[in-house]
Structures are given as structure tokens and as C-alpha cells.
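Participant: So I've got this file, upload-v3.txt, and it contains compact mmCIF, C-alpha atoms and all ligand atoms:
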# COMPACT_ATOMS: atom_id res chain seq x y z
CA MET A 62 -72.93 20.50 -14.46
CA LYS A 63 -71.28 23.72 -13.32
CA THR A 64 -68.52 23.57 -10.67
CA ILE A 65 -67.76 26.14 -7.96
CA VAL A 66 -64.89 26.32 -5.47
CA THR A 67 -65.20 27.15 -1.79
CA THR A 68 -63.04 26.79 1.33
CA ALA A 69 -62.98 24.39 4.26
CA TYR A 70 -65.70 24.79 6.92
CA ARG A 71 -63.24 26.83 8.99
CA PRO A 72 -61.23 28.75 6.44
CA ASN A 73 -57.79 30.23 7.07
CA GLN A 74 -55.33 32.18 4.95
CA LYS A 75 -54.00 28.99 3.32
CA THR A 76 -57.44 27.72 2.24
CA ASP A 77 -58.44 31.20 1.04
CA GLU A 78 -55.33 31.40 -1.11
CA LEU A 79 -55.80 27.88 -2.48
CA ALA A 80 -59.45 28.58 -3.36
CA ALA A 81 -58.47 31.80 -5.13
CA ARG A 82 -55.81 29.97 -7.15
CA VAL A 83 -58.22 27.17 -8.13
CA SER A 84 -60.89 29.69 -9.12
CA GLU A 85 -58.42 31.41 -11.42
CA GLU A 86 -56.82 28.29 -12.91
CA LEU A 87 -60.09 26.49 -13.61
CA ALA A 88 -61.99 29.70 -14.41
CA ILE A 89 -64.80 28.74 -12.00
CA PRO A 90 -66.61 30.94 -9.44
CA PHE A 91 -65.29 31.24 -5.88
CA VAL A 92 -68.19 31.06 -3.41
CA LEU A 93 -67.86 31.94 0.30
CA ARG A 94 -68.41 28.91 2.55
CA ARG A 95 -70.35 30.78 5.25
CA LYS A 96 -70.34 27.63 7.43
CA ARG A 97 -72.73 25.82 5.09
CA SER A 98 -72.81 22.04 4.73
CA ILE A 99 -71.84 20.55 1.36
CA GLU A 100 -75.47 19.49 0.76
CA ARG A 101 -76.58 23.07 1.40
CA ILE A 102 -74.05 24.44 -1.07
CA HIS A 103 -75.10 21.84 -3.66
CA SER A 104 -78.67 23.01 -3.25
CA ASP A 105 -77.91 26.76 -3.10
CA GLU A 106 -75.53 26.78 -6.06
CA GLN A 107 -76.88 23.85 -8.15
CA ALA A 108 -73.24 22.96 -8.81
CA ASP A 109 -70.56 20.39 -8.09
CA VAL A 110 -68.32 21.66 -5.27
CA LEU A 111 -64.54 21.76 -5.03
CA VAL A 112 -63.33 22.42 -1.48
CA ALA A 113 -59.94 24.00 -0.80
CA ALA A 114 -59.24 22.09 2.42
CA LYS A 115 -56.15 22.48 4.60
CA GLU A 116 -54.01 19.78 3.04
CA ARG A 117 -55.78 18.92 -0.19
CA LEU A 118 -58.49 19.59 -2.75
CA GLU A 119 -61.76 17.72 -2.20
CA PHE A 120 -64.36 17.23 -4.92
CA TYR A 121 -68.04 16.72 -4.06
CA PRO A 122 -70.16 16.10 -7.16
CA VAL A 123 -73.85 16.94 -6.66
CA GLY A 124 -75.59 14.15 -4.73
CA LYS A 125 -72.37 12.91 -3.04
CA THR A 126 -71.38 13.65 0.52
CA GLU A 127 -68.15 11.60 0.43
CA PRO A 128 -65.37 13.58 -1.22
CA PHE A 129 -63.07 12.49 -3.98
CA PHE A 130 -59.46 13.49 -3.27
CA PHE A 131 -56.12 12.39 -4.60
CA HIS A 132 -54.38 9.43 -2.95
CA PRO A 133 -52.00 6.89 -4.53
CA ASN A 134 -54.40 4.09 -3.51
CA SER A 135 -53.36 0.70 -4.87
CA ALA A 136 -50.11 2.18 -6.27
CA ALA A 137 -48.90 2.41 -2.67
CA PHE A 138 -48.75 -1.35 -2.17
CA ARG A 139 -48.24 -2.36 -5.81
CA THR A 140 -44.95 -0.44 -5.94
CA LYS A 141 -43.71 -2.16 -2.79
CA ARG A 142 -43.78 -5.52 -4.58
CA PRO A 143 -41.49 -6.47 -7.49
CA LEU A 144 -42.85 -4.49 -10.45
CA ASP A 145 -42.21 -7.39 -12.85
CA GLN A 146 -45.01 -9.20 -11.08
CA ASP A 147 -47.53 -6.37 -11.29
CA PRO A 148 -50.27 -7.49 -13.72
CA LEU A 149 -50.24 -4.26 -15.74
CA ILE A 150 -46.46 -4.33 -16.14
CA GLU A 151 -46.46 -8.05 -16.90
CA VAL A 152 -49.14 -7.91 -19.62
CA SER A 153 -47.93 -4.67 -21.22
CA GLY A 154 -44.23 -5.56 -21.30
CA LEU A 155 -43.53 -1.98 -20.14
CA SER A 156 -39.79 -1.44 -19.58
CA GLU A 157 -37.44 1.19 -18.19
CA GLY A 158 -37.30 4.19 -20.56
CA ASP A 159 -40.64 3.41 -22.27
CA CYS A 160 -43.51 5.81 -22.98
CA LEU A 161 -47.03 4.86 -21.85
CA ILE A 162 -50.21 6.74 -22.66
CA ASP A 163 -52.86 6.07 -20.03
CA CYS A 164 -56.08 7.00 -21.83
CA THR A 165 -58.20 6.79 -18.66
CA LEU A 166 -56.18 8.36 -15.83
CA GLY A 167 -58.86 8.32 -13.10
CA MET A 168 -57.09 8.26 -9.70
CA ALA A 169 -53.75 7.67 -11.50
CA SER A 170 -52.95 4.48 -9.56
CA ASP A 171 -52.03 2.59 -12.74
CA ALA A 172 -50.17 5.62 -14.12
CA ILE A 173 -48.07 5.84 -10.92
CA VAL A 174 -47.09 2.17 -11.17
CA ALA A 175 -46.20 2.69 -14.85
CA SER A 176 -44.23 5.83 -14.05
CA GLN A 177 -42.24 4.02 -11.36
CA ARG A 178 -41.49 1.31 -13.90
CA VAL A 179 -40.36 3.54 -16.81
CA GLY A 180 -38.23 5.72 -14.52
CA GLY A 181 -36.69 9.11 -15.23
CA ASN A 182 -35.81 8.23 -18.83
CA GLY A 183 -39.37 7.20 -19.65
CA ARG A 184 -42.67 9.08 -19.95
CA VAL A 185 -46.21 8.57 -18.72
CA ILE A 186 -49.00 10.73 -20.13
CA GLY A 187 -52.42 10.43 -18.51
CA CYS A 188 -55.61 11.61 -20.25
CA GLU A 189 -58.63 12.40 -18.16
CA ALA A 190 -61.85 13.58 -19.79
CA HIS A 191 -63.41 15.08 -16.65
CA PRO A 192 -61.72 18.48 -16.22
CA THR A 193 -62.23 18.81 -12.44
CA LEU A 194 -61.01 15.28 -11.82
CA ALA A 195 -57.98 15.91 -14.04
CA TYR A 196 -57.23 19.07 -12.06
CA VAL A 197 -57.56 17.41 -8.63
CA VAL A 198 -55.37 14.49 -9.67
CA SER A 199 -52.79 16.68 -11.41
CA ASN A 200 -52.43 18.85 -8.29
CA GLY A 201 -52.35 15.79 -6.03
CA LEU A 202 -49.60 14.14 -8.07
CA ARG A 203 -47.44 17.22 -7.59
CA ALA A 204 -48.23 17.92 -3.93
CA TYR A 205 -48.47 14.47 -2.31
CA GLU A 206 -45.50 13.88 -0.03
CA SER A 207 -46.44 11.06 2.33
CA MET A 208 -44.92 8.33 0.13
CA PRO A 209 -41.35 9.44 -0.59
CA HIS A 210 -40.61 6.36 -2.74
CA LEU A 211 -43.28 7.56 -5.20
CA THR A 212 -42.75 11.33 -5.16
CA GLU A 213 -40.61 11.50 -8.29
CA ALA A 214 -42.74 8.98 -10.23
CA MET A 215 -45.88 10.98 -9.38
CA LYS A 216 -44.36 14.32 -10.36
CA ARG A 217 -43.22 12.97 -13.75
CA ILE A 218 -46.75 12.06 -14.91
CA ARG A 219 -48.05 14.55 -17.47
CA VAL A 220 -51.80 15.01 -17.02
CA VAL A 221 -53.81 15.98 -20.10
CA ALA A 222 -57.38 17.13 -19.43
CA SER A 223 -58.87 15.78 -22.64
CA ASP A 224 -60.89 13.05 -24.20
CA ALA A 225 -58.42 10.27 -24.99
CA VAL A 226 -59.45 9.88 -28.63
CA GLU A 227 -58.95 13.58 -29.28
CA PHE A 228 -55.53 13.41 -27.61
CA LEU A 229 -54.47 10.27 -29.52
CA LYS A 230 -55.35 12.01 -32.78
CA THR A 231 -52.61 14.57 -32.01
CA CYS A 232 -49.95 11.84 -31.51
CA ASP A 233 -47.64 10.58 -34.26
CA ASP A 234 -47.80 6.98 -35.53
CA ARG A 235 -45.92 4.57 -33.22
CA SER A 236 -44.96 7.38 -30.84
CA ALA A 237 -45.75 5.51 -27.57
CA ASP A 238 -44.69 2.05 -26.47
CA VAL A 239 -47.93 1.19 -24.69
CA VAL A 240 -51.44 2.64 -24.94
CA TYR A 241 -53.58 1.65 -21.97
CA MET A 242 -57.33 1.85 -21.44
CA ASP A 243 -59.31 1.22 -18.26
CA PRO A 244 -62.81 2.61 -18.92
CA MET A 245 -65.42 2.74 -16.15
CA PHE A 246 -66.91 -0.69 -15.51
CA THR A 247 -70.50 -0.98 -16.54
CA GLU A 248 -71.00 -3.48 -13.72
CA GLU A 249 -71.05 -2.45 -10.02
CA ILE A 250 -68.13 -4.08 -8.23
CA SER A 251 -66.94 -3.68 -4.68
CA GLU A 252 -63.24 -3.66 -5.70
CA SER A 253 -63.61 -0.28 -7.34
CA SER A 254 -64.75 1.36 -4.10
CA ASN A 255 -61.99 4.02 -4.35
CA PHE A 256 -63.93 5.31 -7.24
CA LEU A 257 -67.39 5.28 -5.61
CA PRO A 258 -67.64 9.07 -5.15
CA LEU A 259 -67.12 9.37 -8.89
CA ARG A 260 -69.71 6.90 -10.11
CA GLY A 261 -72.18 8.93 -12.13
CA THR A 262 -69.62 11.76 -12.46
CA ALA A 263 -66.58 10.34 -14.25
CA GLU A 264 -66.77 9.82 -18.00
CA ALA A 265 -68.56 6.48 -18.50
CA GLY A 266 -68.07 6.07 -22.26
CA GLN A 267 -66.80 2.71 -23.50
CA LEU A 268 -64.32 1.73 -26.22
CA THR A 269 -65.20 2.60 -29.81
CA GLU A 270 -63.81 1.56 -33.21
CA GLU A 271 -62.27 5.04 -33.55
CA TRP A 272 -60.59 4.85 -30.11
CA MET A 273 -59.17 1.42 -30.94
CA ALA A 274 -57.90 2.50 -34.37
CA GLN A 275 -56.10 5.47 -32.81
CA ALA A 276 -54.62 3.35 -30.00
CA VAL A 277 -53.23 0.77 -32.43
CA ARG A 278 -51.85 3.50 -34.71
CA VAL A 279 -49.99 5.26 -31.86
CA SER A 280 -48.62 2.17 -30.11
CA ARG A 281 -45.25 0.49 -30.84
CA LYS A 282 -45.46 -2.45 -28.45
CA ALA A 283 -48.94 -3.10 -27.12
CA VAL A 284 -52.46 -1.82 -26.58
CA VAL A 285 -53.74 -2.97 -23.20
CA LEU A 286 -57.33 -3.06 -21.94
CA LYS A 287 -58.48 -3.63 -18.37
CA ALA A 288 -62.15 -4.52 -18.13
CA HIS A 289 -64.67 -6.54 -16.17
CA PHE A 290 -64.36 -10.28 -16.85
CA ARG A 291 -67.84 -10.24 -18.38
CA SER A 292 -66.95 -7.47 -20.84
CA ALA A 293 -67.42 -8.42 -24.49
CA ASP A 294 -64.87 -5.74 -25.52
CA PHE A 295 -61.97 -8.21 -25.34
CA GLU A 296 -63.41 -10.32 -28.14
CA ARG A 297 -65.11 -7.43 -29.96
CA TYR A 298 -61.81 -5.60 -30.48
CA GLY A 299 -59.45 -8.57 -30.83
CA PHE A 300 -57.63 -8.50 -27.47
CA ALA A 301 -55.90 -11.66 -26.26
CA ARG A 302 -57.42 -12.10 -22.82
CA ARG A 303 -55.14 -12.68 -19.82
CA VAL A 304 -57.38 -14.42 -17.34
CA ARG A 305 -56.67 -13.59 -13.70
CA PRO A 306 -58.22 -16.30 -11.51
CA ASN A 307 -60.41 -15.02 -8.67
CA THR A 308 -60.45 -11.40 -9.81
CA LYS A 309 -63.35 -9.48 -11.28
CA PHE A 310 -61.29 -7.79 -13.95
CA HIS A 311 -59.14 -9.14 -16.72
CA TYR A 312 -56.48 -7.61 -18.94
CA GLY A 313 -56.42 -7.91 -22.72
CA VAL A 314 -53.45 -7.27 -25.00
CA ILE A 315 -53.04 -6.48 -28.68
CA SER A 316 -49.40 -6.84 -29.68
CA CYS A 317 -48.22 -4.12 -32.10
CA ARG A 318 -44.61 -5.25 -32.58
C1 LIG B 1 -61.99 3.22 -14.13
S1 LIG B 1 -61.33 4.83 -14.15
C2 LIG B 1 -59.61 4.56 -14.40
C3 LIG B 1 -58.87 4.23 -13.15
C4 LIG B 1 -57.39 4.32 -13.33
N1 LIG B 1 -56.88 3.26 -14.18
C5 LIG B 1 -56.67 4.31 -12.00
O1 LIG B 1 -55.68 3.58 -11.84
O2 LIG B 1 -57.09 5.06 -11.10
C6 LIG B 1 -61.77 5.52 -15.67
C7 LIG B 1 -61.41 7.01 -15.80
O3 LIG B 1 -61.24 7.32 -17.17
C8 LIG B 1 -61.94 8.50 -17.48
N2 LIG B 1 -62.34 8.35 -18.90
C9 LIG B 1 -63.27 7.51 -19.41
N3 LIG B 1 -63.34 7.63 -20.74
C10 LIG B 1 -62.41 8.53 -21.10
C11 LIG B 1 -61.97 9.06 -22.34
N4 LIG B 1 -62.55 8.71 -23.49
N5 LIG B 1 -60.97 9.95 -22.34
C12 LIG B 1 -60.38 10.33 -21.18
N6 LIG B 1 -60.76 9.88 -19.97
C13 LIG B 1 -61.76 8.99 -19.93
C14 LIG B 1 -63.09 8.56 -16.50
O4 LIG B 1 -63.53 9.91 -16.30
C15 LIG B 1 -62.46 7.95 -15.26
O5 LIG B 1 -61.85 8.93 -14.47
Output the file's structure as C-alpha cells, nothing else.
Facilitator:
Amino acid sequence: MKTIVTTAYRPNQKTDELAARVSEELAIPFVLRRKRSIERIHSDEQADVLVAAKERLEFYPVGKTEPFFFHPNSAAFRTKRPLDQDPLIEVSGLSEGDCLIDCTLGMASDAIVASQRVGGNGRVIGCEAHPTLAYVVSNGLRAYESMPHLTEAMKRIRVVASDAVEFLKTCDDRSADVVYMDPMFTEEISESSNFLPLRGTAEAGQLTEEWMAQAVRVSRKAVVLKAHFRSADFERYGFARRVRPNTKFHYGVISCR
């Protein structure tokens, strides 16, 4: 599906400039808003719509009237609790100074928690296969200022707009401490409501033998999977399941030490 960029309903110099920059950086057409609704633009342009709004970029895939925009989401409260107790940190064994590759960046909530954990001496690289989503999140991570305790952690995340398997193939053996995967759930669950505007838009592919082989090759400490508790991928790919009572998703770990 093609993507176009337009401005807010009432454009000003700032939104015009932002739209022009996005059009250039993503090499997508800039289309005048002309006070049209999002549905009208979807229908006129037959394209997903990026809106340069006053404070942020908003993404409206065709058929959606609720925008996707960057927000730290669960990272906001997860980083206010002791990080040792965060399930991702606990199962991955991620430490200060480590390198984590997040193969499925999405809204970057997990990547932000990981980045806070590894600190300035560590690295978090986030792969996102959907180019517009990668762009919105990458810009959001750099521009978001309402949570000062996360600003540095967000800015340090390197976003790679790529399929994870293709990116992993470019990495040396044992070059990251943790490789993390959180593919789209195949089941509908209410807990993933942050992601609702992206259902049907985000990359929905599931783990493959090739993805797993690359993840194990690149990782020094652990490969971690987050998936729905009914997912057969834990057993299919040899993950030790960490059951989390009363939650719809579980983590699985393959130790590479
Ligand atoms: C469930 S979301 C991840 C949510 C993320 N853990 C967070 O904290 O916001 C899955 C994301 O991974 C992306 N994705 C799925 N398969 C991918 C792949 N093979 N390579 C890169 N990104 C992928 C999807 O487009 C989607 O944005």
C-alpha cells in the first residue's frame, strides 16, 4: 500500500515544514490537506496517510480512523519499578553495558525498558519491518520529552527499518548479548490494545527456522521470545517457557552461554 503525507486539519508553518521533511526523508508524496477528513483522503488517494500534526506524527493506515503515534506506553510505568523485577529483564538476564537486538520493535516499549537497563555503555538496536512505523517510532524516540527519566534511554535506541532476519544476517556471530522477538499475536487479545490501529498493517509474520538459526548464531547470552500462552512456538523452537500466572503472554528463553 502506498503512503502519502499531509498536514493537520488546520495547518501552520510548523506542520507544513514537518510534512515537507517527512516527504523528503521517506520519499513519499506530500498531499495538501484541503480540510478533508482522513477517510476522504484514504478514498481520494487510495493510500495510507501520515499526518504532520502540531506535536507529533500520526499514522492512519487505510480503514483506520484512530491514529498510531509514538508514546512510551507500558515503558512509562515499567521503568518506575525496579528493573530487576521486569519480566523481560528477569528472563533475559540483560545487564548494564549489554547489547540487545529487538527484532520486532513495534511501539518500542520493550526496547525502551531494555535501553534503560543497559545504560549509556550498552546498546539497543530495534528492527522494524514496516518502514512507516519504523519512521514514526524513530522520530518519536528522538522527540518525546514528556518523560525526562526516559529521554536518554529513548534517544540511544538505534532503529533499523528492516526485516529482522535480513538484519541478523549482517551481524557477526555472538555479537549481541540478547536477541529478542515479540511477533504479532495471532490471537486477538485486549492487552495489546496499544497496537490496535496497527492490526492488519504491521508485519504479521511468525518465527521461522531461518530466523531462529540467525538469532542463536548472533546471541551470546540468550534468545528470548514473547508470545501468546497458546503459541506452539515455545516448544517448536526449543524455548524454556517461563509461565506468568494470570497473563495472556509467556516468555521463552534459549540460553546461549
Ligand atoms: C507485537 S509488535 C512488538 C511490540 C514491541 N515489543 C513493543 O514493545 O512495542 C510486533 C512488531 O514487529 C514487527 N515485525 C514483525 N515481524 C518482523 C520481522 N520479521 N522483522 C522486523 N519487524 C517485524 C511488526 O511490524 C510489529 O511492529
Participant: Within 7 Å of ligand LIG 1 (chain B) (counting all atoms listed in the file), which residues show up? I'd like them as a PyMOL selection string.
Facilitator: chain A and resi 164-172+188-191+194+223-226+243-246+263-267
Participant: Could those selected residues go to a file with C-alpha atoms, as a compact mmCIF listing (two decimals), in the coordinates of the input?
Facilitator:
# COMPACT_ATOMS: atom_id res chain seq x y z
CA CYS A 164 -56.08 7.00 -21.83
CA THR A 165 -58.20 6.79 -18.66
CA LEU A 166 -56.18 8.36 -15.83
CA GLY A 167 -58.86 8.32 -13.10
CA MET A 168 -57.09 8.26 -9.70
CA ALA A 169 -53.75 7.67 -11.50
CA SER A 170 -52.95 4.48 -9.56
CA ASP A 171 -52.03 2.59 -12.74
CA ALA A 172 -50.17 5.62 -14.12
CA CYS A 188 -55.61 11.61 -20.25
CA GLU A 189 -58.63 12.40 -18.16
CA ALA A 190 -61.85 13.58 -19.79
CA HIS A 191 -63.41 15.08 -16.65
CA LEU A 194 -61.01 15.28 -11.82
CA SER A 223 -58.87 15.78 -22.64
CA ASP A 224 -60.89 13.05 -24.20
CA ALA A 225 -58.42 10.27 -24.99
CA VAL A 226 -59.45 9.88 -28.63
CA ASP A 243 -59.31 1.22 -18.26
CA PRO A 244 -62.81 2.61 -18.92
CA MET A 245 -65.42 2.74 -16.15
CA PHE A 246 -66.91 -0.69 -15.51
CA ALA A 263 -66.58 10.34 -14.25
CA GLU A 264 -66.77 9.82 -18.00
CA ALA A 265 -68.56 6.48 -18.50
CA GLY A 266 -68.07 6.07 -22.26
CA GLN A 267 -66.80 2.71 -23.50
Participant: Of the residues A:Arg71, A:Lys115, A:His103, A:Lys125, which is the one nearest to Leu259 in chain A, using only C-alpha atoms?
Facilitator: A:Lys125
Participant: So, with all atoms listed in the file as the atoms that count, which of A:Ile186, A:Leu93, A:Thr212, A:Ala276 lies closest to Asp233 in chain A?
Facilitator: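 Closest to Asp233 in chain A, using all atoms listed in the file: A:Ala276.
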Participant: With all atoms listed in the file as the basis for distance, which of A:Ala204, A:Ile162, A:Val197, A:Met215 is at the shortest distance from Thr140 in chain A?
Facilitator: A:Met215
Participant: Compile the contact shell of Tyr241 in chain A as a PyMOL selection string: residues with an atom at most 12 Å away, counting all atoms listed in the file, same-chain residues fewer than 6 positions apart removed.
Facilitator: chain A and resi 149-150+152-155+160-166+171-172+175+185-188+225+229+268+272-273+275-277+279-280+282-288+312-315
Participant: Please indicate the distance in Å from CA of Arg117 in chain A to CA of Val179 in chain A, rounded to one decimal place.
Facilitator: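 Between CA of Arg117 in chain A and CA of Val179 in chain A the gap works out to 27.4 Å.
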Participant: Could you jot down the CA of Ile65 in chain A to CA of Pro90 in chain A separation for me, Å, one decimal place?
Facilitator: 5.2 Å
Participant: Report as a PyMOL selection string all protein, DNA and RNA residues lying within 10 Å of range 80-88 of chain A, evaluated on only C-alpha atoms, omitting residues in the same chain fewer than 2 positions from it.
Facilitator: chain A and resi 64-69+72+74-78+90-93+111-114+118+192-193+196-197
